file coords.tsv (TSV, C-alpha atoms)
chain	number	residue	atom	x	y	z
A	1	MET	CA	11.47	-6.80	-8.32
A	2	THR	CA	8.89	-5.92	-10.93
A	3	VAL	CA	9.43	-2.59	-12.61
A	4	SER	CA	6.24	-1.09	-13.95
A	5	PRO	CA	6.22	-0.09	-17.59
A	6	ALA	CA	6.06	3.57	-18.63
A	7	THR	CA	2.45	3.38	-19.70
A	8	LEU	CA	-0.55	2.27	-17.69
A	9	ILE	CA	-3.04	0.11	-19.51
A	10	LEU	CA	-6.52	0.97	-18.23
A	11	PRO	CA	-9.36	-0.81	-19.99
A	12	GLU	CA	-12.53	1.20	-20.58
A	13	ALA	CA	-14.49	-0.83	-18.02
A	14	MET	CA	-11.97	-0.01	-15.26
A	15	ARG	CA	-11.88	3.63	-16.29
A	16	ALA	CA	-15.68	3.74	-16.02
A	17	GLU	CA	-15.52	1.93	-12.67
A	18	ILE	CA	-13.10	4.48	-11.20
A	19	ILE	CA	-15.29	7.36	-12.36
A	20	ALA	CA	-18.42	5.68	-10.97
A	21	HIS	CA	-16.64	5.11	-7.66
A	22	ALA	CA	-15.44	8.73	-7.54
A	23	ARG	CA	-18.96	10.01	-8.20
A	24	ALA	CA	-20.48	7.66	-5.62
A	25	GLU	CA	-18.11	8.86	-2.89
A	26	ALA	CA	-18.17	12.59	-3.73
A	27	PRO	CA	-17.74	14.96	-1.99
A	28	ARG	CA	-15.38	12.55	-0.22
A	29	GLU	CA	-12.44	10.93	-1.98
A	30	CYS	CA	-12.75	7.38	-3.22
A	31	CYS	CA	-9.83	4.95	-3.22
A	32	GLY	CA	-8.90	1.50	-4.41
A	33	VAL	CA	-6.29	-0.64	-6.11
A	34	ILE	CA	-5.81	-2.44	-9.40
A	35	ALA	CA	-4.12	-5.82	-9.57
A	36	GLY	CA	-2.21	-6.84	-12.66
A	37	ARG	CA	0.30	-9.17	-14.17
A	38	ASN	CA	3.09	-8.06	-16.51
A	39	GLY	CA	1.52	-4.63	-16.68
A	40	GLU	CA	-1.89	-5.98	-17.72
A	41	PRO	CA	-4.63	-5.07	-15.24
A	42	THR	CA	-6.64	-8.05	-14.07
A	43	ARG	CA	-8.95	-6.77	-11.35
A	44	LEU	CA	-10.04	-3.54	-9.69
A	45	TYR	CA	-10.83	-3.48	-5.98
A	46	ARG	CA	-12.87	-0.65	-4.48
A	47	LEU	CA	-11.53	-0.06	-0.97
A	48	THR	CA	-12.79	1.87	2.04
A	49	ASN	CA	-11.57	5.40	2.76
A	50	LEU	CA	-11.26	5.76	6.54
A	51	GLU	CA	-10.75	9.53	6.45
A	52	PRO	CA	-13.90	11.36	7.53
A	53	GLY	CA	-13.06	14.61	5.71
A	54	VAL	CA	-13.39	15.53	2.04
A	55	ASP	CA	-9.75	16.15	1.16
A	56	ARG	CA	-7.92	13.03	2.37
A	57	TYR	CA	-7.89	9.32	1.90
A	58	LEU	CA	-6.55	6.53	4.05
A	59	ILE	CA	-7.30	3.04	2.84
A	60	ASP	CA	-8.72	0.73	5.52
A	61	ASP	CA	-5.63	-1.17	6.69
A	62	GLU	CA	-7.31	-4.51	7.35
A	63	GLU	CA	-9.07	-4.47	4.02
A	64	LEU	CA	-5.84	-3.49	2.29
A	65	TYR	CA	-3.88	-6.26	3.98
A	66	ARG	CA	-6.47	-8.86	2.97
A	67	VAL	CA	-6.61	-7.64	-0.64
A	68	TYR	CA	-2.84	-7.21	-0.93
A	69	ARG	CA	-2.29	-10.81	0.20
A	70	GLU	CA	-4.86	-12.06	-2.27
A	71	ILE	CA	-3.10	-10.17	-5.08
A	72	ASP	CA	0.43	-11.09	-4.04
A	73	GLU	CA	-0.22	-14.73	-3.27
A	74	GLY	CA	-2.20	-15.02	-6.49
A	75	GLY	CA	0.98	-14.16	-8.37
A	76	LYS	CA	-0.25	-10.69	-9.33
A	77	ASP	CA	1.28	-7.27	-8.78
A	78	LEU	CA	-0.22	-4.28	-7.11
A	79	LEU	CA	-0.26	-2.46	-10.43
A	80	ALA	CA	-1.98	0.77	-9.39
A	81	ILE	CA	-3.47	2.68	-6.51
A	82	TYR	CA	-6.30	5.05	-7.41
A	83	HIS	CA	-8.10	7.84	-5.63
A	84	SER	CA	-10.24	10.80	-6.57
A	85	HIS	CA	-9.80	14.54	-6.34
A	86	PRO	CA	-13.43	15.64	-6.05
A	87	VAL	CA	-12.83	19.35	-6.72
A	88	SER	CA	-9.21	19.66	-7.87
A	89	VAL	CA	-6.99	18.68	-10.77
A	90	ALA	CA	-5.78	15.15	-11.47
A	91	TYR	CA	-2.25	15.78	-10.26
A	92	PRO	CA	-0.57	14.52	-7.07
A	93	SER	CA	-0.95	16.88	-4.13
A	94	LYS	CA	1.80	17.45	-1.56
A	95	THR	CA	-0.03	14.99	0.66
A	96	ASP	CA	-0.12	12.41	-2.12
A	97	VAL	CA	3.63	12.73	-2.57
A	98	ALA	CA	4.36	12.66	1.17
A	99	PHE	CA	2.47	9.37	1.53
A	100	ALA	CA	3.60	7.71	-1.70
A	101	PHE	CA	5.12	4.62	-0.08
A	102	TRP	CA	4.39	2.31	-3.03
A	103	GLU	CA	7.05	3.32	-5.52
A	104	GLU	CA	6.57	0.21	-7.67
A	105	SER	CA	2.89	1.02	-8.32
A	106	PHE	CA	1.20	3.58	-10.50
A	107	TYR	CA	-0.74	6.29	-8.73
A	108	VAL	CA	-3.97	7.00	-10.60
A	109	ILE	CA	-5.98	10.13	-9.88
A	110	CYS	CA	-9.52	10.80	-11.06
A	111	SER	CA	-10.52	14.45	-11.02
A	112	LEU	CA	-14.15	15.49	-10.79
A	113	GLU	CA	-13.20	19.17	-10.96
A	114	HIS	CA	-15.42	19.35	-14.03
A	115	PRO	CA	-18.14	16.86	-13.00
A	116	GLU	CA	-19.37	16.16	-16.52
A	117	ALA	CA	-15.86	15.64	-17.86
A	118	PRO	CA	-13.85	13.53	-15.39
A	119	VAL	CA	-10.11	13.34	-16.01
A	120	ILE	CA	-7.94	10.32	-15.19
A	121	ARG	CA	-4.16	10.64	-15.14
A	122	ALA	CA	-1.43	8.29	-13.91
A	123	PHE	CA	1.91	8.89	-12.23
A	124	ARG	CA	4.90	7.21	-10.73
A	125	ILE	CA	6.02	8.85	-7.50
A	126	VAL	CA	9.56	7.83	-6.57
A	127	GLY	CA	11.65	9.51	-3.90
A	128	GLY	CA	9.30	12.47	-3.82
A	129	GLU	CA	9.57	12.99	-7.59
A	130	ILE	CA	6.44	12.91	-9.73
A	131	ALA	CA	6.59	11.49	-13.24
A	132	GLU	CA	3.42	11.40	-15.32
A	133	VAL	CA	2.90	8.27	-17.41
A	134	GLY	CA	0.62	7.68	-20.34
A	135	VAL	CA	-2.72	5.94	-19.93
A	136	ARG	CA	-4.04	3.79	-22.75
A	137	ARG	CA	-6.97	1.44	-23.15
B	1	MET	CA	7.98	-17.59	25.97
B	2	SER	CA	11.57	-16.41	26.02
B	3	GLU	CA	12.59	-19.15	23.61
B	4	ALA	CA	13.51	-17.64	20.25
B	5	SER	CA	10.82	-18.71	17.82
B	6	ALA	CA	10.55	-19.37	14.12
B	7	ILE	CA	8.31	-16.65	12.76
B	8	GLN	CA	7.33	-16.12	9.15
B	9	ILE	CA	7.42	-12.52	7.94
B	10	LEU	CA	5.46	-11.38	4.89
B	11	VAL	CA	7.39	-8.60	3.18
B	12	PRO	CA	5.41	-6.16	0.99
B	13	THR	CA	6.69	-5.07	-2.42
B	14	PRO	CA	8.05	-1.68	-1.27
B	15	LEU	CA	10.26	-3.38	1.33
B	16	ARG	CA	11.56	-6.22	-0.83
B	17	ARG	CA	14.48	-4.06	-1.88
B	18	TYR	CA	15.81	-4.87	1.60
B	19	THR	CA	15.22	-8.62	1.35
B	20	ASN	CA	16.78	-9.25	-2.06
B	21	GLY	CA	13.30	-9.51	-3.52
B	22	GLU	CA	12.10	-12.15	-1.06
B	23	ALA	CA	8.38	-11.99	-0.26
B	24	LYS	CA	8.61	-14.27	2.78
B	25	VAL	CA	11.49	-14.48	5.22
B	26	GLY	CA	11.96	-16.23	8.54
B	27	ALA	CA	13.05	-14.60	11.78
B	28	SER	CA	13.31	-15.23	15.49
B	29	GLY	CA	12.10	-13.30	18.48
B	30	ALA	CA	9.62	-13.30	21.33
B	31	THR	CA	7.94	-10.05	20.27
B	32	VAL	CA	7.25	-8.14	17.06
B	33	GLY	CA	10.04	-5.71	17.95
B	34	GLU	CA	12.54	-8.51	18.53
B	35	VAL	CA	11.66	-10.13	15.23
B	36	LEU	CA	12.19	-6.84	13.42
B	37	THR	CA	15.56	-6.40	15.14
B	38	ASP	CA	16.53	-9.93	14.12
B	39	LEU	CA	15.50	-9.20	10.53
B	40	ASP	CA	17.41	-5.94	10.50
B	41	ALA	CA	20.63	-7.79	11.32
B	42	ARG	CA	20.30	-9.62	7.99
B	43	TYR	CA	18.45	-6.95	6.03
B	44	PRO	CA	19.88	-3.63	7.25
B	45	GLY	CA	17.51	-0.70	7.00
B	46	LEU	CA	14.34	-2.75	7.15
B	47	LYS	CA	13.49	-2.02	10.77
B	48	GLU	CA	13.91	1.72	10.31
B	49	ARG	CA	11.24	1.62	7.62
B	50	VAL	CA	8.81	-0.08	9.99
B	51	CYS	CA	9.65	1.42	13.40
B	52	ASP	CA	10.31	4.92	14.65
B	53	PRO	CA	13.47	5.64	16.70
B	54	ASP	CA	11.62	4.63	19.88
B	55	GLY	CA	11.00	1.20	18.41
B	56	GLU	CA	7.25	1.65	18.02
B	57	ILE	CA	5.50	0.89	14.73
B	58	ARG	CA	5.48	3.92	12.44
B	59	ARG	CA	2.16	5.67	11.99
B	60	PHE	CA	1.96	4.91	8.28
B	61	VAL	CA	3.00	1.29	8.48
B	62	ASN	CA	0.74	-1.50	9.65
B	63	VAL	CA	1.97	-4.77	11.12
B	64	PHE	CA	-0.34	-7.75	11.42
B	65	VAL	CA	0.10	-10.85	13.55
B	66	ASN	CA	-1.99	-13.72	12.24
B	67	GLY	CA	-4.20	-11.18	10.51
B	68	GLU	CA	-4.67	-8.82	13.46
B	69	ASN	CA	-3.21	-5.31	13.47
B	70	VAL	CA	-0.71	-5.02	16.35
B	71	ARG	CA	-2.07	-1.54	17.13
B	72	LYS	CA	-5.06	-3.42	18.59
B	73	LEU	CA	-2.66	-5.71	20.47
B	74	GLN	CA	0.52	-4.46	22.15
B	75	GLY	CA	2.27	-2.74	19.27
B	76	ALA	CA	5.94	-3.67	18.93
B	77	ALA	CA	5.69	-5.47	22.30
B	78	THR	CA	3.08	-7.90	20.95
B	79	PRO	CA	4.27	-11.38	21.97
B	80	LEU	CA	4.89	-14.04	19.34
B	81	LYS	CA	5.10	-17.80	19.40
B	82	GLY	CA	6.55	-20.28	16.94
B	83	GLY	CA	4.51	-20.53	13.75
B	84	ASP	CA	3.07	-17.02	14.00
B	85	GLU	CA	2.83	-15.04	10.81
B	86	VAL	CA	3.82	-11.38	10.80
B	87	GLY	CA	2.71	-9.26	7.86
B	88	ILE	CA	4.01	-5.77	7.15
B	89	ILE	CA	2.16	-3.34	4.90
B	90	PRO	CA	2.74	0.36	4.34
B	91	ALA	CA	-0.33	2.59	4.42
B	92	MET	CA	-1.99	3.89	1.30
B	93	ALA	CA	-2.93	7.46	1.90
B	94	GLY	CA	-2.99	10.92	0.40
B	95	GLY	CA	-5.25	13.84	-0.20
B	96	ALA	CA	-6.38	16.47	-2.62
call {"tool": "encode", "arguments": {"input": "coords.tsv", "output": "structure tokens"}}
result
Amino acid sequence: MTVSPATLILPEAMRAEIIAHARAEAPRECCGVIAGRNGEPTRLYRLTNLEPGVDRYLIDDEELYRVYREIDEGGKDLLAIYHSHPVSVAYPSKTDVAFAFWEESFYVICSLEHPEAPVIRAFRIVGGEIAEVGVRR
Amino acid sequence: MSEASAIQILVPTPLRRYTNGEAKVGASGATVGEVLTDLDARYPGLKERVCDPDGEIRRFVNVFVNGENVRKLQGAATPLKGGDEVGIIPAMAGGA
């Protein structure tokens, strides 16, 4: 089993893409995944948030299944799962922790709490425990 | 249909700890539930991650048969035939 490294590599273009996605979906949350190999991100996928409200996300299951298979069968890992917090800090909520089923992946949160200064932070969530990891370009 | 069938199961990363890291495993059974029970005999704990105590698919797990979510079919009672492909994938969800 692949163990993710302690630092997430997030190229500037992907960082910009996450922020653009978060802004496009606001006031709702955006969500998506990043594929990678050996800790190096290779592709970002914007995915559909099925939750109608503004404070939840649930990635479309059929879309996720299709994309996950493409990533997995292409020999890549599901490196990270990202979503936005449109009006709150970039830190996992209780809901985020309760639904963190993907312990091998990084959880990336983009906060638009300060709209002109978005913040992106990354975490591992294992067994209900949150551990922040560094993000570098 | 009662004949035990060779079904291919796609195991997602979070559940590979139960299958010794295997991404694809074979199993037998005439329904999704039977296949999961068969798998659980070899990979203990796997079924509990997918099904609730009543044997139905957990709310935050999705199971696909040949690309179709079994929630749109018959859930754990969805019938299977030889050569079918069963994919398991935990939900991705959260909130602010």
call {"tool": "interface_residues", "arguments": {"input": "coords.tsv", "of": "chain A", "to": "chain B", "cutoff": "10 Å", "atoms": "only C-alpha atoms", "output": "ChimeraX atom specification"}}
result
/A:1-2,29,31-33,49-51,53-62,64-66,68-69,72-73,77-78,81-105,109,111
call {"tool": "atom_distance", "arguments": {"input": "coords.tsv", "atom1": "CA of Glu56 in chain B", "atom2": "CA of Ala80 in chain A"}}
result
28.9 Å
call {"tool": "closest_residue", "arguments": {"input": "coords.tsv", "among": "A:Leu44, A:Ala131, A:Val67, A:Ala35", "to": "Met14 in chain A", "atoms": "all atoms listed in the file"}}
result
A:Leu44
call {"tool": "atom_distance", "arguments": {"input": "coords.tsv", "atom1": "CA of Val11 in chain B", "atom2": "CA of Lys24 in chain B"}}
result
5.8 Å
call {"tool": "closest_residue", "arguments": {"input": "coords.tsv", "among": "B:Leu46, B:Asp52, B:Thr37, B:Val65", "to": "Thr78 in chain B", "atoms": "all atoms listed in the file"}}
result
B:Val65
call {"tool": "closest_residue", "arguments": {"input": "coords.tsv", "among": "B:Ile9, B:Val35, B:Ala77, B:Val86", "to": "Lys47 in chain B", "atoms": "only C-alpha atoms"}}
result
B:Val35
call {"tool": "build_atoms", "arguments": {"input": "coords.tsv", "residues": "range 31-64 of chain A", "atoms": "N, CA and C atoms", "output": "PDB file, keeping the file's coordinate frame"}}
result
ATOM      1  N   CYS A  31     -11.157   5.546  -3.086  1.00  0.00           N
ATOM      2  CA  CYS A  31      -9.830   4.950  -3.220  1.00  0.00           C
ATOM      3  C   CYS A  31      -9.949   3.455  -3.489  1.00  0.00           C
ATOM      4  N   GLY A  32      -8.913   2.920  -4.106  1.00  0.00           N
ATOM      5  CA  GLY A  32      -8.900   1.500  -4.410  1.00  0.00           C
ATOM      6  C   GLY A  32      -7.601   1.108  -5.072  1.00  0.00           C
ATOM      7  N   VAL A  33      -7.512  -0.162  -5.453  1.00  0.00           N
ATOM      8  CA  VAL A  33      -6.290  -0.640  -6.110  1.00  0.00           C
ATOM      9  C   VAL A  33      -6.645  -1.476  -7.331  1.00  0.00           C
ATOM     10  N   ILE A  34      -5.654  -1.604  -8.210  1.00  0.00           N
ATOM     11  CA  ILE A  34      -5.810  -2.440  -9.400  1.00  0.00           C
ATOM     12  C   ILE A  34      -4.688  -3.478  -9.382  1.00  0.00           C
ATOM     13  N   ALA A  35      -5.092  -4.738  -9.473  1.00  0.00           N
ATOM     14  CA  ALA A  35      -4.120  -5.820  -9.570  1.00  0.00           C
ATOM     15  C   ALA A  35      -3.777  -6.045 -11.031  1.00  0.00           C
ATOM     16  N   GLY A  36      -2.579  -6.570 -11.281  1.00  0.00           N
ATOM     17  CA  GLY A  36      -2.210  -6.840 -12.660  1.00  0.00           C
ATOM     18  C   GLY A  36      -1.095  -7.858 -12.739  1.00  0.00           C
ATOM     19  N   ARG A  37      -0.820  -8.252 -13.949  1.00  0.00           N
ATOM     20  CA  ARG A  37       0.300  -9.170 -14.170  1.00  0.00           C
ATOM     21  C   ARG A  37       0.991  -8.718 -15.458  1.00  0.00           C
ATOM     22  N   ASN A  38       2.300  -8.542 -15.370  1.00  0.00           N
ATOM     23  CA  ASN A  38       3.090  -8.060 -16.510  1.00  0.00           C
ATOM     24  C   ASN A  38       2.512  -6.779 -17.100  1.00  0.00           C
ATOM     25  N   GLY A  39       2.026  -5.917 -16.222  1.00  0.00           N
ATOM     26  CA  GLY A  39       1.520  -4.630 -16.680  1.00  0.00           C
ATOM     27  C   GLY A  39       0.093  -4.658 -17.183  1.00  0.00           C
ATOM     28  N   GLU A  40      -0.497  -5.850 -17.267  1.00  0.00           N
ATOM     29  CA  GLU A  40      -1.890  -5.980 -17.720  1.00  0.00           C
ATOM     30  C   GLU A  40      -2.811  -6.022 -16.516  1.00  0.00           C
ATOM     31  N   PRO A  41      -3.734  -5.054 -16.402  1.00  0.00           N
ATOM     32  CA  PRO A  41      -4.630  -5.070 -15.240  1.00  0.00           C
ATOM     33  C   PRO A  41      -5.564  -6.273 -15.281  1.00  0.00           C
ATOM     34  N   THR A  42      -5.784  -6.869 -14.125  1.00  0.00           N
ATOM     35  CA  THR A  42      -6.640  -8.050 -14.070  1.00  0.00           C
ATOM     36  C   THR A  42      -7.886  -7.823 -13.221  1.00  0.00           C
ATOM     37  N   ARG A  43      -7.780  -6.969 -12.206  1.00  0.00           N
ATOM     38  CA  ARG A  43      -8.950  -6.770 -11.350  1.00  0.00           C
ATOM     39  C   ARG A  43      -8.844  -5.447 -10.590  1.00  0.00           C
ATOM     40  N   LEU A  44      -9.980  -4.782 -10.469  1.00  0.00           N
ATOM     41  CA  LEU A  44     -10.040  -3.540  -9.690  1.00  0.00           C
ATOM     42  C   LEU A  44     -10.769  -3.833  -8.375  1.00  0.00           C
ATOM     43  N   TYR A  45     -10.206  -3.319  -7.298  1.00  0.00           N
ATOM     44  CA  TYR A  45     -10.830  -3.480  -5.980  1.00  0.00           C
ATOM     45  C   TYR A  45     -11.198  -2.097  -5.440  1.00  0.00           C
ATOM     46  N   ARG A  46     -12.474  -1.858  -5.214  1.00  0.00           N
ATOM     47  CA  ARG A  46     -12.870  -0.650  -4.480  1.00  0.00           C
ATOM     48  C   ARG A  46     -12.515  -0.881  -3.018  1.00  0.00           C
ATOM     49  N   LEU A  47     -11.877   0.091  -2.381  1.00  0.00           N
ATOM     50  CA  LEU A  47     -11.530  -0.060  -0.970  1.00  0.00           C
ATOM     51  C   LEU A  47     -12.121   1.092  -0.167  1.00  0.00           C
ATOM     52  N   THR A  48     -12.139   0.908   1.149  1.00  0.00           N
ATOM     53  CA  THR A  48     -12.790   1.870   2.040  1.00  0.00           C
ATOM     54  C   THR A  48     -11.841   2.990   2.436  1.00  0.00           C
ATOM     55  N   ASN A  49     -12.316   4.225   2.300  1.00  0.00           N
ATOM     56  CA  ASN A  49     -11.570   5.400   2.760  1.00  0.00           C
ATOM     57  C   ASN A  49     -11.958   5.680   4.208  1.00  0.00           C
ATOM     58  N   LEU A  50     -10.974   5.559   5.117  1.00  0.00           N
ATOM     59  CA  LEU A  50     -11.260   5.760   6.540  1.00  0.00           C
ATOM     60  C   LEU A  50     -11.300   7.229   6.943  1.00  0.00           C
ATOM     61  N   GLU A  51     -10.793   8.107   6.068  1.00  0.00           N
ATOM     62  CA  GLU A  51     -10.750   9.530   6.450  1.00  0.00           C
ATOM     63  C   GLU A  51     -12.153  10.123   6.418  1.00  0.00           C
ATOM     64  N   PRO A  52     -12.546  10.811   7.493  1.00  0.00           N
ATOM     65  CA  PRO A  52     -13.900  11.360   7.530  1.00  0.00           C
ATOM     66  C   PRO A  52     -14.065  12.634   6.683  1.00  0.00           C
ATOM     67  N   GLY A  53     -12.977  13.333   6.415  1.00  0.00           N
ATOM     68  CA  GLY A  53     -13.060  14.610   5.710  1.00  0.00           C
ATOM     69  C   GLY A  53     -13.216  14.440   4.203  1.00  0.00           C
ATOM     70  N   VAL A  54     -13.168  15.562   3.497  1.00  0.00           N
ATOM     71  CA  VAL A  54     -13.390  15.530   2.040  1.00  0.00           C
ATOM     72  C   VAL A  54     -12.102  15.674   1.246  1.00  0.00           C
ATOM     73  N   ASP A  55     -10.969  15.878   1.927  1.00  0.00           N
ATOM     74  CA  ASP A  55      -9.750  16.150   1.160  1.00  0.00           C
ATOM     75  C   ASP A  55      -8.607  15.196   1.517  1.00  0.00           C
ATOM     76  N   ARG A  56      -8.941  14.027   2.027  1.00  0.00           N
ATOM     77  CA  ARG A  56      -7.920  13.030   2.370  1.00  0.00           C
ATOM     78  C   ARG A  56      -8.443  11.644   2.054  1.00  0.00           C
ATOM     79  N   TYR A  57      -7.474  10.717   1.878  1.00  0.00           N
ATOM     80  CA  TYR A  57      -7.890   9.320   1.900  1.00  0.00           C
ATOM     81  C   TYR A  57      -6.874   8.510   2.683  1.00  0.00           C
ATOM     82  N   LEU A  58      -7.377   7.499   3.339  1.00  0.00           N
ATOM     83  CA  LEU A  58      -6.550   6.530   4.050  1.00  0.00           C
ATOM     84  C   LEU A  58      -7.261   5.198   3.879  1.00  0.00           C
ATOM     85  N   ILE A  59      -6.649   4.309   3.120  1.00  0.00           N
ATOM     86  CA  ILE A  59      -7.300   3.040   2.840  1.00  0.00           C
ATOM     87  C   ILE A  59      -7.346   2.175   4.094  1.00  0.00           C
ATOM     88  N   ASP A  60      -8.514   1.612   4.361  1.00  0.00           N
ATOM     89  CA  ASP A  60      -8.720   0.730   5.520  1.00  0.00           C
ATOM     90  C   ASP A  60      -7.601  -0.315   5.550  1.00  0.00           C
ATOM     91  N   ASP A  61      -6.832  -0.335   6.648  1.00  0.00           N
ATOM     92  CA  ASP A  61      -5.630  -1.170   6.690  1.00  0.00           C
ATOM     93  C   ASP A  61      -5.921  -2.665   6.656  1.00  0.00           C
ATOM     94  N   GLU A  62      -7.002  -3.068   7.329  1.00  0.00           N
ATOM     95  CA  GLU A  62      -7.310  -4.510   7.350  1.00  0.00           C
ATOM     96  C   GLU A  62      -7.790  -4.996   5.992  1.00  0.00           C
ATOM     97  N   GLU A  63      -8.590  -4.152   5.360  1.00  0.00           N
ATOM     98  CA  GLU A  63      -9.070  -4.470   4.020  1.00  0.00           C
ATOM     99  C   GLU A  63      -7.886  -4.531   3.046  1.00  0.00           C
ATOM    100  N   LEU A  64      -7.007  -3.555   3.167  1.00  0.00           N
ATOM    101  CA  LEU A  64      -5.840  -3.490   2.290  1.00  0.00           C
ATOM    102  C   LEU A  64      -4.956  -4.723   2.469  1.00  0.00           C
TER     103      LEU A  64
END
